[in-house]
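Okay, target_4.txt is below, compact mmCIF, C-alpha atoms:
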```txt
# COMPACT_ATOMS: atom_id res chain seq x y z
CA MET A 117 0.00 0.00 0.00
CA SER A 118 2.91 2.34 0.56
CA ALA A 119 4.98 4.04 -2.11
CA PRO A 120 8.50 2.80 -1.37
CA ALA A 121 10.02 4.80 -4.21
CA THR A 122 9.40 7.95 -2.19
CA GLY A 123 10.67 6.48 1.06
CA PHE A 124 7.22 6.69 2.63
CA VAL A 125 6.64 4.19 5.43
CA LEU A 126 3.41 4.15 7.41
CA HIS A 127 3.99 4.91 11.11
CA ALA A 128 3.82 1.74 13.22
CA ARG A 129 1.10 3.07 15.50
CA LEU A 130 -1.15 4.06 12.59
CA ALA A 131 -0.54 0.64 11.05
CA ALA A 132 -1.47 -1.09 14.32
CA ASP A 133 -4.59 0.99 15.06
CA SER A 134 -6.18 0.94 11.59
CA VAL A 135 -6.81 -1.23 8.54
CA ALA A 136 -6.05 -0.45 4.91
CA VAL A 137 -8.87 0.78 2.67
CA GLY A 138 -6.99 1.83 -0.47
CA LEU A 139 -4.92 4.50 -2.13
CA LEU A 140 -6.11 7.97 -3.05
CA ALA A 141 -4.00 10.17 -5.31
CA LEU A 142 -2.00 11.59 -2.41
CA SER A 143 -2.94 9.62 0.66
CA GLU A 144 -3.09 6.10 1.96
CA LEU A 145 -6.66 5.72 3.21
CA ARG A 146 -7.25 3.67 6.35
CA LEU A 147 -10.15 2.81 8.66
CA MET A 148 -9.54 3.14 12.39
CA ASN A 149 -10.23 -0.21 14.00
CA ASP A 150 -12.79 1.28 16.37
CA ALA A 151 -16.36 0.16 15.80
CA ARG A 152 -17.65 3.05 17.93
CA PHE A 153 -17.15 5.54 15.09
CA PRO A 154 -16.85 5.37 11.27
CA TRP A 155 -13.39 6.94 11.35
CA LEU A 156 -11.08 7.41 8.37
CA ILE A 157 -7.39 8.28 8.44
CA LEU A 158 -5.62 9.82 5.46
CA VAL A 159 -1.83 9.60 5.41
CA PRO A 160 -0.12 11.54 2.62
CA ARG A 161 2.42 9.20 1.02
CA ILE A 162 5.34 11.58 1.48
CA ALA A 163 8.40 10.60 3.48
CA ASP A 164 9.45 12.38 6.64
CA ILE A 165 6.66 14.94 6.86
CA SER A 166 4.94 15.78 10.11
CA ASP A 167 3.68 19.31 9.65
CA TYR A 168 0.77 20.31 7.42
CA THR A 169 2.37 23.66 6.64
CA ALA A 170 5.46 21.88 5.30
CA LEU A 171 3.39 20.22 2.53
CA PRO A 172 3.91 21.76 -0.92
CA ALA A 173 0.89 23.87 -1.94
CA ARG A 174 -0.32 21.33 -4.51
CA ALA A 175 -0.19 18.56 -1.91
CA GLN A 176 -2.09 20.73 0.59
CA ALA A 177 -4.82 21.21 -2.01
CA ALA A 178 -4.86 17.48 -2.79
CA LEU A 179 -5.15 16.61 0.89
CA TRP A 180 -8.11 18.92 1.43
CA ASP A 181 -9.77 17.58 -1.69
CA GLU A 182 -9.37 14.05 -0.34
CA ILE A 183 -10.63 15.10 3.10
CA GLY A 184 -13.72 16.58 1.43
CA ARG A 185 -14.31 13.42 -0.59
CA CYS A 186 -14.00 11.29 2.54
CA ALA A 187 -16.44 13.55 4.39
CA GLN A 188 -18.94 13.25 1.51
CA ALA A 189 -18.54 9.47 1.46
CA LEU A 190 -19.16 9.16 5.20
CA LYS A 191 -22.24 11.37 4.88
CA ALA A 192 -23.60 9.28 2.02
CA LEU A 193 -22.91 5.96 3.76
CA TYR A 194 -23.82 6.74 7.37
CA ALA A 195 -25.98 9.91 7.43
CA PRO A 196 -24.14 11.16 10.54
CA THR A 197 -25.10 14.14 12.68
CA ARG A 198 -21.72 15.78 11.89
CA VAL A 199 -18.41 14.97 10.27
CA ASN A 200 -15.39 15.93 12.38
CA ILE A 201 -12.09 16.74 10.67
CA GLY A 202 -8.83 16.92 12.56
CA LEU A 203 -5.08 17.17 12.06
CA LEU A 204 -3.47 16.77 15.45
CA GLY A 205 -0.34 14.63 15.56
CA ASN A 206 0.23 14.93 19.31
CA LEU A 207 0.80 11.18 19.62
CA VAL A 208 1.88 10.19 16.08
CA PRO A 209 4.17 12.73 14.44
CA GLN A 210 3.64 11.44 10.86
CA LEU A 211 1.26 13.83 9.08
CA HIS A 212 -2.24 12.37 8.96
CA ALA A 213 -5.81 13.63 8.88
CA HIS A 214 -8.87 12.27 10.67
CA VAL A 215 -12.33 12.33 9.09
CA VAL A 216 -14.93 10.94 11.48
CA ALA A 217 -18.68 10.41 11.21
CA ARG A 218 -20.28 11.53 14.47
CA PHE A 219 -23.73 10.83 15.84
CA ASP A 220 -25.55 12.59 18.65
CA HIS A 221 -25.82 9.26 20.41
CA ASP A 222 -22.23 8.02 19.90
CA ALA A 223 -19.82 7.05 22.67
CA ALA A 224 -18.04 10.43 22.82
CA TRP A 225 -20.74 12.92 21.77
CA PRO A 226 -20.48 15.91 21.96
CA GLY A 227 -16.80 15.55 22.88
CA PRO A 228 -14.04 14.70 20.44
CA VAL A 229 -13.16 11.10 19.52
CA TRP A 230 -9.52 11.70 20.44
CA GLY A 231 -8.97 10.70 24.04
CA SER A 232 -12.45 9.17 24.28
CA GLY A 233 -11.28 5.90 25.81
CA PRO A 234 -10.12 2.58 24.42
CA ALA A 235 -11.07 1.54 20.90
CA VAL A 236 -13.61 -1.24 20.42
CA ALA A 237 -12.26 -3.47 17.65
CA TYR A 238 -14.58 -4.39 14.78
CA ASP A 239 -15.70 -7.95 14.27
CA PRO A 240 -13.59 -8.99 11.26
CA SER A 241 -16.63 -9.35 8.99
CA ALA A 242 -17.88 -5.91 9.99
CA ALA A 243 -14.48 -4.36 9.29
CA THR A 244 -14.39 -6.01 5.87
CA ALA A 245 -17.87 -4.76 5.02
CA CYS A 246 -16.99 -1.23 6.14
CA VAL A 247 -13.72 -1.20 4.17
CA ARG A 248 -15.49 -2.44 1.04
CA ALA A 249 -18.28 0.12 1.30
CA ILE A 250 -15.85 2.99 1.80
CA GLY A 251 -13.54 1.76 -0.96
CA ARG A 252 -16.48 1.59 -3.37
CA ALA A 253 -17.70 5.05 -2.37
CA LEU A 254 -14.23 6.53 -2.97
CA ASP A 255 -13.27 4.34 -5.91
CA CYS A 256 -10.05 3.22 -4.27
CA MET B 259 -16.59 42.81 12.13
CA SER B 260 -19.28 40.81 10.37
CA ALA B 261 -20.45 41.22 6.80
CA PRO B 262 -24.13 42.05 7.21
CA ALA B 263 -24.74 42.30 3.47
CA THR B 264 -24.38 38.52 3.26
CA GLY B 265 -26.59 37.85 6.28
CA PHE B 266 -23.66 36.43 8.24
CA VAL B 267 -24.08 36.67 12.00
CA LEU B 268 -21.50 35.21 14.37
CA HIS B 269 -22.97 32.44 16.56
CA ALA B 270 -23.66 33.66 20.10
CA ARG B 271 -21.50 30.98 21.74
CA LEU B 272 -18.49 31.76 19.53
CA ALA B 273 -18.99 35.45 20.28
CA ALA B 274 -19.10 34.75 24.03
CA ASP B 275 -16.12 32.39 24.14
CA SER B 276 -13.69 34.37 21.98
CA VAL B 277 -12.49 37.87 21.18
CA ALA B 278 -12.17 39.52 17.77
CA VAL B 279 -8.76 39.65 16.09
CA GLY B 280 -9.65 40.87 12.60
CA LEU B 281 -10.97 39.96 9.18
CA LEU B 282 -9.27 37.66 6.70
CA ALA B 283 -10.50 37.47 3.11
CA LEU B 284 -13.05 34.77 3.92
CA SER B 285 -13.14 34.38 7.67
CA GLU B 286 -13.66 36.39 10.81
CA LEU B 287 -10.59 35.61 12.93
CA ARG B 288 -11.04 35.29 16.69
CA LEU B 289 -8.94 34.30 19.70
CA MET B 290 -10.48 31.85 22.15
CA ASN B 291 -10.54 33.47 25.58
CA ASP B 292 -8.57 30.61 27.12
CA ALA B 293 -5.09 31.53 28.30
CA ARG B 294 -4.13 27.83 28.50
CA PHE B 295 -3.65 27.62 24.72
CA PRO B 296 -2.95 30.09 21.89
CA TRP B 297 -6.17 29.13 20.08
CA LEU B 298 -7.55 30.75 16.95
CA ILE B 299 -11.03 30.36 15.51
CA LEU B 300 -11.80 31.10 11.86
CA VAL B 301 -15.44 31.63 10.97
CA PRO B 302 -16.18 31.95 7.25
CA ARG B 303 -18.42 34.99 6.79
CA ILE B 304 -21.12 33.10 4.92
CA ALA B 305 -24.67 32.95 6.22
CA ASP B 306 -26.36 29.71 7.24
CA ILE B 307 -23.51 27.31 6.60
CA SER B 308 -22.62 24.52 8.99
CA ASP B 309 -20.98 21.88 6.83
CA TYR B 310 -17.51 22.18 5.33
CA THR B 311 -18.52 20.15 2.29
CA ALA B 312 -21.31 22.65 1.55
CA LEU B 313 -18.75 25.44 1.00
CA PRO B 314 -18.18 26.36 -2.66
CA ALA B 315 -14.82 25.02 -3.90
CA ARG B 316 -13.21 28.47 -3.96
CA ALA B 317 -14.28 29.12 -0.38
CA GLN B 318 -12.91 25.72 0.69
CA ALA B 319 -9.56 26.66 -0.83
CA ALA B 320 -9.66 30.08 0.83
CA LEU B 321 -10.44 28.52 4.20
CA TRP B 322 -7.52 26.09 3.99
CA ASP B 323 -5.24 28.89 2.89
CA GLU B 324 -6.30 30.91 5.94
CA ILE B 325 -5.89 27.90 8.23
CA GLY B 326 -2.36 27.44 6.89
CA ARG B 327 -1.53 31.12 7.42
CA CYS B 328 -2.85 30.95 10.99
CA ALA B 329 -0.78 27.81 11.66
CA GLN B 330 2.33 29.56 10.35
CA ALA B 331 1.61 32.62 12.47
CA LEU B 332 1.20 30.55 15.64
CA LYS B 333 4.44 28.72 14.87
CA ALA B 334 6.31 31.97 14.35
CA LEU B 335 4.89 33.61 17.47
CA TYR B 336 4.90 30.73 19.96
CA ALA B 337 7.24 27.98 18.64
CA PRO B 338 4.77 25.28 19.74
CA THR B 339 5.39 21.54 19.80
CA ARG B 340 2.51 21.04 17.33
CA VAL B 341 -0.32 22.96 15.73
CA ASN B 342 -3.68 21.20 15.96
CA ILE B 343 -6.32 21.89 13.31
CA GLY B 344 -9.94 20.90 13.76
CA LEU B 345 -13.38 21.34 12.24
CA LEU B 346 -15.87 19.76 14.62
CA GLY B 347 -19.11 21.66 15.17
CA ASN B 348 -20.60 19.22 17.65
CA LEU B 349 -21.56 22.05 20.01
CA VAL B 350 -21.75 25.06 17.67
CA PRO B 351 -23.29 24.26 14.29
CA GLN B 352 -21.97 27.38 12.52
CA LEU B 353 -19.01 26.36 10.36
CA HIS B 354 -15.73 27.27 12.08
CA ALA B 355 -12.17 25.98 12.19
CA HIS B 356 -9.84 25.72 15.16
CA VAL B 357 -6.09 26.31 14.85
CA VAL B 358 -4.35 25.74 18.17
CA ALA B 359 -0.71 25.97 19.26
CA ARG B 360 0.06 22.98 21.45
CA PHE B 361 2.95 22.37 23.83
CA ASP B 362 4.11 19.13 25.34
CA HIS B 363 3.60 20.68 28.74
CA ASP B 364 0.19 22.30 28.19
CA ALA B 365 -2.94 21.60 30.23
CA ALA B 366 -4.38 19.01 27.84
CA TRP B 367 -1.29 17.43 26.24
CA PRO B 368 -1.32 14.97 24.50
CA GLY B 369 -5.12 15.00 24.44
CA PRO B 370 -7.22 17.42 22.40
CA VAL B 371 -8.15 20.90 23.64
CA TRP B 372 -11.82 20.21 23.02
CA GLY B 373 -13.39 18.85 26.19
CA SER B 374 -10.25 19.64 28.21
CA GLY B 375 -12.07 21.40 31.03
CA PRO B 376 -13.12 24.97 31.69
CA ALA B 377 -11.37 27.82 29.92
CA VAL B 378 -9.06 30.10 31.90
CA ALA B 379 -9.84 33.66 30.81
CA TYR B 380 -6.93 35.91 29.82
CA ASP B 381 -6.05 38.92 31.88
CA PRO B 382 -7.38 41.76 29.70
CA SER B 383 -3.91 43.15 29.01
CA ALA B 384 -2.65 39.70 28.00
CA ALA B 385 -5.58 39.21 25.65
CA THR B 386 -4.93 42.58 24.07
CA ALA B 387 -1.23 41.79 23.59
CA CYS B 388 -2.07 38.42 22.05
CA VAL B 389 -4.69 39.87 19.69
CA ARG B 390 -2.27 42.57 18.55
CA ALA B 391 0.57 40.14 17.94
CA ILE B 392 -1.65 37.79 15.92
CA GLY B 393 -3.24 40.64 14.01
CA ARG B 394 0.19 41.97 13.07
CA ALA B 395 1.42 38.52 12.03
CA LEU B 396 -1.61 38.03 9.78
CA ASP B 397 -1.96 41.62 8.65
CA CYS B 398 -5.59 41.80 9.70
```
I need this file expressed as structure tokens, please.
Amino acid sequence: MSAPATGFVLHARLAADSVAVGLLALSELRLMNDARFPWLILVPRIADISDYTALPARAQAALWDEIGRCAQALKALYAPTRVNIGLLGNLVPQLHAHVVARFDHDAAWPGPVWGSGPAVAYDPSAATACVRAIGRALDC
Amino acid sequence: MSAPATGFVLHARLAADSVAVGLLALSELRLMNDARFPWLILVPRIADISDYTALPARAQAALWDEIGRCAQALKALYAPTRVNIGLLGNLVPQLHAHVVARFDHDAAWPGPVWGSGPAVAYDPSAATACVRAIGRALDC
């Protein structure tokens, strides 16, 4: 899934906490393995980048386009109350963006998903179904 | 500070929780009145919009440009450990973006600022100094 020619390697914690969905033009798209929230992670396939403002302008535009597409896909698939978007990186320095479908009855509402307690892993069949639906919606 | 011709009115909670810094091309720029974190809020001056994906493409690009400029300004002024960017809207439906300078010794680190407990209001002179410094850095 990575692009070894560029030296990009997915951070070990992101790899452990999420499952692969597919590749967008810029980013590796992953699903957080937390059945409490439909929660996508986009990781630009650029080596050694941690800071959004260090992205070249074209890559910034591509990332926001991909964030918008992910938000639209989550809205179409899950009809959430809100979609939350975040770029934090306090725990994992590798640049990545969160796009999360939120519901007014979910486990963290109205608080943020970050720091909302331990993840609840998907049943494998549920993760597969979710990954397939998102991959179809985003054609990746 | 608002643009009444467009029908834009700042949400009452954002108005109460933050102080005006100035106007960017798209957004009203405000400083959260929470001395624990240098925390900017950008509110696109467009009436009746709550969803990022409902912004016209040019306004999306303008918003991300302004978010990037705010992140650069916070980095230049405060040399933070990280800059956190978020679009949530779980409590305030009016579309707004957070750009927050984070430090590995701040009151919420490494968790998010959202839901991190009650704000600590600035001393008035400190708020004024902060608003002036940010306004100068962003020429607004």
Based on all atoms listed in the file, which of the residues in chain A come within 10 Å of chain B? I want them as a PyMOL selection string.
chain A and resi 166-170+173+176-177+180-181+183-188+191+197-207+209+213-216+218-220+225-232
How many Å separate atom CA of Leu272 of chain B from atom CA of Leu287 of chain B?
11.0 Å
Over every C-alpha pair, in sequence order, do a least-squares fit of chain B onto chain A and save the fitted chain as a PDB file with C-alpha atoms, in the frame of the given file.
```pdb
ATOM      1  CA  MET B 259      -0.028  -0.052  -0.153  1.00  0.00           C
ATOM      2  CA  SER B 260       2.838   2.350   0.439  1.00  0.00           C
ATOM      3  CA  ALA B 261       4.939   4.074  -2.186  1.00  0.00           C
ATOM      4  CA  PRO B 262       8.441   2.835  -1.409  1.00  0.00           C
ATOM      5  CA  ALA B 263      10.034   4.840  -4.213  1.00  0.00           C
ATOM      6  CA  THR B 264       9.401   7.993  -2.183  1.00  0.00           C
ATOM      7  CA  GLY B 265      10.668   6.499   1.075  1.00  0.00           C
ATOM      8  CA  PHE B 266       7.208   6.706   2.636  1.00  0.00           C
ATOM      9  CA  VAL B 267       6.643   4.207   5.430  1.00  0.00           C
ATOM     10  CA  LEU B 268       3.408   4.167   7.415  1.00  0.00           C
ATOM     11  CA  HIS B 269       3.992   4.904  11.123  1.00  0.00           C
ATOM     12  CA  ALA B 270       3.833   1.737  13.231  1.00  0.00           C
ATOM     13  CA  ARG B 271       1.083   3.066  15.514  1.00  0.00           C
ATOM     14  CA  LEU B 272      -1.154   4.056  12.588  1.00  0.00           C
ATOM     15  CA  ALA B 273      -0.537   0.636  11.055  1.00  0.00           C
ATOM     16  CA  ALA B 274      -1.483  -1.084  14.328  1.00  0.00           C
ATOM     17  CA  ASP B 275      -4.588   0.989  15.051  1.00  0.00           C
ATOM     18  CA  SER B 276      -6.173   0.946  11.590  1.00  0.00           C
ATOM     19  CA  VAL B 277      -6.798  -1.233   8.559  1.00  0.00           C
ATOM     20  CA  ALA B 278      -6.057  -0.451   4.913  1.00  0.00           C
ATOM     21  CA  VAL B 279      -8.878   0.771   2.673  1.00  0.00           C
ATOM     22  CA  GLY B 280      -6.993   1.831  -0.455  1.00  0.00           C
ATOM     23  CA  LEU B 281      -4.907   4.497  -2.131  1.00  0.00           C
ATOM     24  CA  LEU B 282      -6.095   7.971  -3.055  1.00  0.00           C
ATOM     25  CA  ALA B 283      -3.985  10.177  -5.317  1.00  0.00           C
ATOM     26  CA  LEU B 284      -1.994  11.594  -2.406  1.00  0.00           C
ATOM     27  CA  SER B 285      -2.931   9.630   0.675  1.00  0.00           C
ATOM     28  CA  GLU B 286      -3.076   6.095   1.960  1.00  0.00           C
ATOM     29  CA  LEU B 287      -6.654   5.712   3.217  1.00  0.00           C
ATOM     30  CA  ARG B 288      -7.241   3.654   6.357  1.00  0.00           C
ATOM     31  CA  LEU B 289     -10.141   2.811   8.667  1.00  0.00           C
ATOM     32  CA  MET B 290      -9.529   3.131  12.395  1.00  0.00           C
ATOM     33  CA  ASN B 291     -10.229  -0.228  14.013  1.00  0.00           C
ATOM     34  CA  ASP B 292     -12.786   1.285  16.380  1.00  0.00           C
ATOM     35  CA  ALA B 293     -16.355   0.161  15.795  1.00  0.00           C
ATOM     36  CA  ARG B 294     -17.665   3.057  17.927  1.00  0.00           C
ATOM     37  CA  PHE B 295     -17.149   5.550  15.084  1.00  0.00           C
ATOM     38  CA  PRO B 296     -16.852   5.367  11.279  1.00  0.00           C
ATOM     39  CA  TRP B 297     -13.370   6.927  11.345  1.00  0.00           C
ATOM     40  CA  LEU B 298     -11.073   7.409   8.376  1.00  0.00           C
ATOM     41  CA  ILE B 299      -7.387   8.271   8.445  1.00  0.00           C
ATOM     42  CA  LEU B 300      -5.619   9.819   5.455  1.00  0.00           C
ATOM     43  CA  VAL B 301      -1.840   9.606   5.424  1.00  0.00           C
ATOM     44  CA  PRO B 302      -0.121  11.532   2.627  1.00  0.00           C
ATOM     45  CA  ARG B 303       2.427   9.198   1.035  1.00  0.00           C
ATOM     46  CA  ILE B 304       5.342  11.579   1.480  1.00  0.00           C
ATOM     47  CA  ALA B 305       8.395  10.590   3.484  1.00  0.00           C
ATOM     48  CA  ASP B 306       9.456  12.386   6.653  1.00  0.00           C
ATOM     49  CA  ILE B 307       6.670  14.932   6.870  1.00  0.00           C
ATOM     50  CA  SER B 308       4.933  15.779  10.119  1.00  0.00           C
ATOM     51  CA  ASP B 309       3.688  19.323   9.657  1.00  0.00           C
ATOM     52  CA  TYR B 310       0.777  20.307   7.433  1.00  0.00           C
ATOM     53  CA  THR B 311       2.364  23.658   6.638  1.00  0.00           C
ATOM     54  CA  ALA B 312       5.465  21.872   5.307  1.00  0.00           C
ATOM     55  CA  LEU B 313       3.404  20.227   2.534  1.00  0.00           C
ATOM     56  CA  PRO B 314       3.905  21.761  -0.925  1.00  0.00           C
ATOM     57  CA  ALA B 315       0.883  23.876  -1.934  1.00  0.00           C
ATOM     58  CA  ARG B 316      -0.335  21.327  -4.486  1.00  0.00           C
ATOM     59  CA  ALA B 317      -0.192  18.553  -1.904  1.00  0.00           C
ATOM     60  CA  GLN B 318      -2.097  20.724   0.593  1.00  0.00           C
ATOM     61  CA  ALA B 319      -4.829  21.202  -2.000  1.00  0.00           C
ATOM     62  CA  ALA B 320      -4.860  17.482  -2.790  1.00  0.00           C
ATOM     63  CA  LEU B 321      -5.141  16.612   0.892  1.00  0.00           C
ATOM     64  CA  TRP B 322      -8.110  18.928   1.433  1.00  0.00           C
ATOM     65  CA  ASP B 323      -9.756  17.583  -1.686  1.00  0.00           C
ATOM     66  CA  GLU B 324      -9.358  14.045  -0.332  1.00  0.00           C
ATOM     67  CA  ILE B 325     -10.628  15.083   3.100  1.00  0.00           C
ATOM     68  CA  GLY B 326     -13.707  16.577   1.440  1.00  0.00           C
ATOM     69  CA  ARG B 327     -14.310  13.419  -0.602  1.00  0.00           C
ATOM     70  CA  CYS B 328     -13.999  11.277   2.534  1.00  0.00           C
ATOM     71  CA  ALA B 329     -16.448  13.547   4.389  1.00  0.00           C
ATOM     72  CA  GLN B 330     -18.931  13.235   1.528  1.00  0.00           C
ATOM     73  CA  ALA B 331     -18.521   9.467   1.464  1.00  0.00           C
ATOM     74  CA  LEU B 332     -19.150   9.154   5.207  1.00  0.00           C
ATOM     75  CA  LYS B 333     -22.224  11.363   4.880  1.00  0.00           C
ATOM     76  CA  ALA B 334     -23.589   9.273   2.033  1.00  0.00           C
ATOM     77  CA  LEU B 335     -22.898   5.962   3.764  1.00  0.00           C
ATOM     78  CA  TYR B 336     -23.825   6.739   7.374  1.00  0.00           C
ATOM     79  CA  ALA B 337     -25.974   9.927   7.425  1.00  0.00           C
ATOM     80  CA  PRO B 338     -24.136  11.176  10.534  1.00  0.00           C
ATOM     81  CA  THR B 339     -25.086  14.158  12.674  1.00  0.00           C
ATOM     82  CA  ARG B 340     -21.715  15.783  11.877  1.00  0.00           C
ATOM     83  CA  VAL B 341     -18.401  14.972  10.259  1.00  0.00           C
ATOM     84  CA  ASN B 342     -15.394  15.921  12.380  1.00  0.00           C
ATOM     85  CA  ILE B 343     -12.098  16.735  10.665  1.00  0.00           C
ATOM     86  CA  GLY B 344      -8.830  16.918  12.554  1.00  0.00           C
ATOM     87  CA  LEU B 345      -5.086  17.174  12.051  1.00  0.00           C
ATOM     88  CA  LEU B 346      -3.465  16.762  15.451  1.00  0.00           C
ATOM     89  CA  GLY B 347      -0.326  14.631  15.571  1.00  0.00           C
ATOM     90  CA  ASN B 348       0.231  14.930  19.303  1.00  0.00           C
ATOM     91  CA  LEU B 349       0.788  11.176  19.622  1.00  0.00           C
ATOM     92  CA  VAL B 350       1.859  10.188  16.093  1.00  0.00           C
ATOM     93  CA  PRO B 351       4.156  12.723  14.440  1.00  0.00           C
ATOM     94  CA  GLN B 352       3.638  11.441  10.876  1.00  0.00           C
ATOM     95  CA  LEU B 353       1.272  13.823   9.088  1.00  0.00           C
ATOM     96  CA  HIS B 354      -2.249  12.362   8.968  1.00  0.00           C
ATOM     97  CA  ALA B 355      -5.814  13.640   8.893  1.00  0.00           C
ATOM     98  CA  HIS B 356      -8.858  12.265  10.670  1.00  0.00           C
ATOM     99  CA  VAL B 357     -12.324  12.326   9.093  1.00  0.00           C
ATOM    100  CA  VAL B 358     -14.922  10.930  11.477  1.00  0.00           C
ATOM    101  CA  ALA B 359     -18.684  10.421  11.199  1.00  0.00           C
ATOM    102  CA  ARG B 360     -20.271  11.536  14.450  1.00  0.00           C
ATOM    103  CA  PHE B 361     -23.729  10.845  15.847  1.00  0.00           C
ATOM    104  CA  ASP B 362     -25.535  12.604  18.635  1.00  0.00           C
ATOM    105  CA  HIS B 363     -25.800   9.277  20.390  1.00  0.00           C
ATOM    106  CA  ASP B 364     -22.234   8.016  19.896  1.00  0.00           C
ATOM    107  CA  ALA B 365     -19.828   7.054  22.678  1.00  0.00           C
ATOM    108  CA  ALA B 366     -18.051  10.417  22.823  1.00  0.00           C
ATOM    109  CA  TRP B 367     -20.740  12.916  21.760  1.00  0.00           C
ATOM    110  CA  PRO B 368     -20.476  15.912  21.945  1.00  0.00           C
ATOM    111  CA  GLY B 369     -16.807  15.579  22.882  1.00  0.00           C
ATOM    112  CA  PRO B 370     -14.034  14.703  20.439  1.00  0.00           C
ATOM    113  CA  VAL B 371     -13.152  11.114  19.515  1.00  0.00           C
ATOM    114  CA  TRP B 372      -9.527  11.701  20.432  1.00  0.00           C
ATOM    115  CA  GLY B 373      -8.977  10.721  24.052  1.00  0.00           C
ATOM    116  CA  SER B 374     -12.453   9.161  24.267  1.00  0.00           C
ATOM    117  CA  GLY B 375     -11.289   5.899  25.805  1.00  0.00           C
ATOM    118  CA  PRO B 376     -10.131   2.578  24.422  1.00  0.00           C
ATOM    119  CA  ALA B 377     -11.087   1.549  20.908  1.00  0.00           C
ATOM    120  CA  VAL B 378     -13.621  -1.242  20.412  1.00  0.00           C
ATOM    121  CA  ALA B 379     -12.262  -3.474  17.648  1.00  0.00           C
ATOM    122  CA  TYR B 380     -14.592  -4.393  14.778  1.00  0.00           C
ATOM    123  CA  ASP B 381     -15.707  -7.940  14.278  1.00  0.00           C
ATOM    124  CA  PRO B 382     -13.598  -8.994  11.273  1.00  0.00           C
ATOM    125  CA  SER B 383     -16.623  -9.362   9.001  1.00  0.00           C
ATOM    126  CA  ALA B 384     -17.879  -5.906   9.993  1.00  0.00           C
ATOM    127  CA  ALA B 385     -14.491  -4.365   9.292  1.00  0.00           C
ATOM    128  CA  THR B 386     -14.393  -6.020   5.897  1.00  0.00           C
ATOM    129  CA  ALA B 387     -17.892  -4.768   5.039  1.00  0.00           C
ATOM    130  CA  CYS B 388     -16.985  -1.246   6.137  1.00  0.00           C
ATOM    131  CA  VAL B 389     -13.715  -1.207   4.176  1.00  0.00           C
ATOM    132  CA  ARG B 390     -15.494  -2.437   1.050  1.00  0.00           C
ATOM    133  CA  ALA B 391     -18.281   0.114   1.311  1.00  0.00           C
ATOM    134  CA  ILE B 392     -15.830   2.993   1.796  1.00  0.00           C
ATOM    135  CA  GLY B 393     -13.542   1.745  -0.944  1.00  0.00           C
ATOM    136  CA  ARG B 394     -16.468   1.571  -3.357  1.00  0.00           C
ATOM    137  CA  ALA B 395     -17.688   5.043  -2.380  1.00  0.00           C
ATOM    138  CA  LEU B 396     -14.229   6.514  -2.979  1.00  0.00           C
ATOM    139  CA  ASP B 397     -13.270   4.322  -5.905  1.00  0.00           C
ATOM    140  CA  CYS B 398     -10.044   3.215  -4.268  1.00  0.00           C
TER     141      CYS B 398
END
```
Counting only C-alpha atoms, note down every residue that has an atom within 10 Å of the point (-11.7, 40.6, 15.3) (file coordinates), as an NGL selection string.
:B and (259-260 or 276-282 or 285-289 or 389 or 393 or 398)
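Using all atoms listed in the file, the residues found no farther than 10 Å from Ala377 of chain B, other than those of its own chain fewer than 5 positions away, are Asp275, Met290, Asn291, Asp292, Ala293, Arg294, Phe295 and Val371 of chain B.
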Hey, can you spit out that residue selection with C-alpha atoms as an mmCIF file, keeping the file's coordinate frame?
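Okay, again.cif is ready:
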```
data_model
loop_
_atom_site.group_PDB
_atom_site.id
_atom_site.type_symbol
_atom_site.label_atom_id
_atom_site.label_comp_id
_atom_site.auth_asym_id
_atom_site.auth_seq_id
_atom_site.Cartn_x
_atom_site.Cartn_y
_atom_site.Cartn_z
ATOM 1 C CA ASP B 275 -16.120 32.390 24.140
ATOM 2 C CA MET B 290 -10.480 31.850 22.150
ATOM 3 C CA ASN B 291 -10.540 33.470 25.580
ATOM 4 C CA ASP B 292 -8.570 30.610 27.120
ATOM 5 C CA ALA B 293 -5.090 31.530 28.300
ATOM 6 C CA ARG B 294 -4.130 27.830 28.500
ATOM 7 C CA PHE B 295 -3.650 27.620 24.720
ATOM 8 C CA VAL B 371 -8.150 20.900 23.640
#
```
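With distances restricted to all atoms listed in the file, A:Leu156 is the closest residue to Ala217 of chain A from A:Leu156, A:Leu171, A:Ala178, A:Val236.
For the atom pair formed by atom CA of Arg129 of chain A and atom CA of Gln210 of chain A, the distance is 9.9 Å, given to one decimal.
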Please enclose the listed atoms of segment 331-350 of chain B in an axis-aligned box, pad each side by 3 Å, and write out the centre and the three edge lengths in Å, rounded to one decimal, as lines of an AutoDock Vina configuration file.
```
center_x = -7.3
center_y = 26.4
center_z = 16.1
size_x = 35.0
size_y = 20.4
size_z = 13.8
```
Provide the atom CA of Arg161 of chain A to atom CA of Ala132 of chain A distance in Å, to one decimal place.
17.3 Å
So which one's closest to Cys246 of chain A, A:Pro172, A:Gly233, A:Ala192, A:Pro154? Using only C-alpha atoms, please.
A:Pro154
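The nearest approach to Ile304 of chain B among the residues B:Ala283, B:Ala387, B:Leu396, B:Ala273, with all atoms listed in the file taken into account, belongs to B:Ala283.
Distances here use only C-alpha atoms; by that measure, the residue among A:Thr122, A:Ala242, A:Ile165, A:Arg248 closest to Val208 of chain A is A:Ile165.
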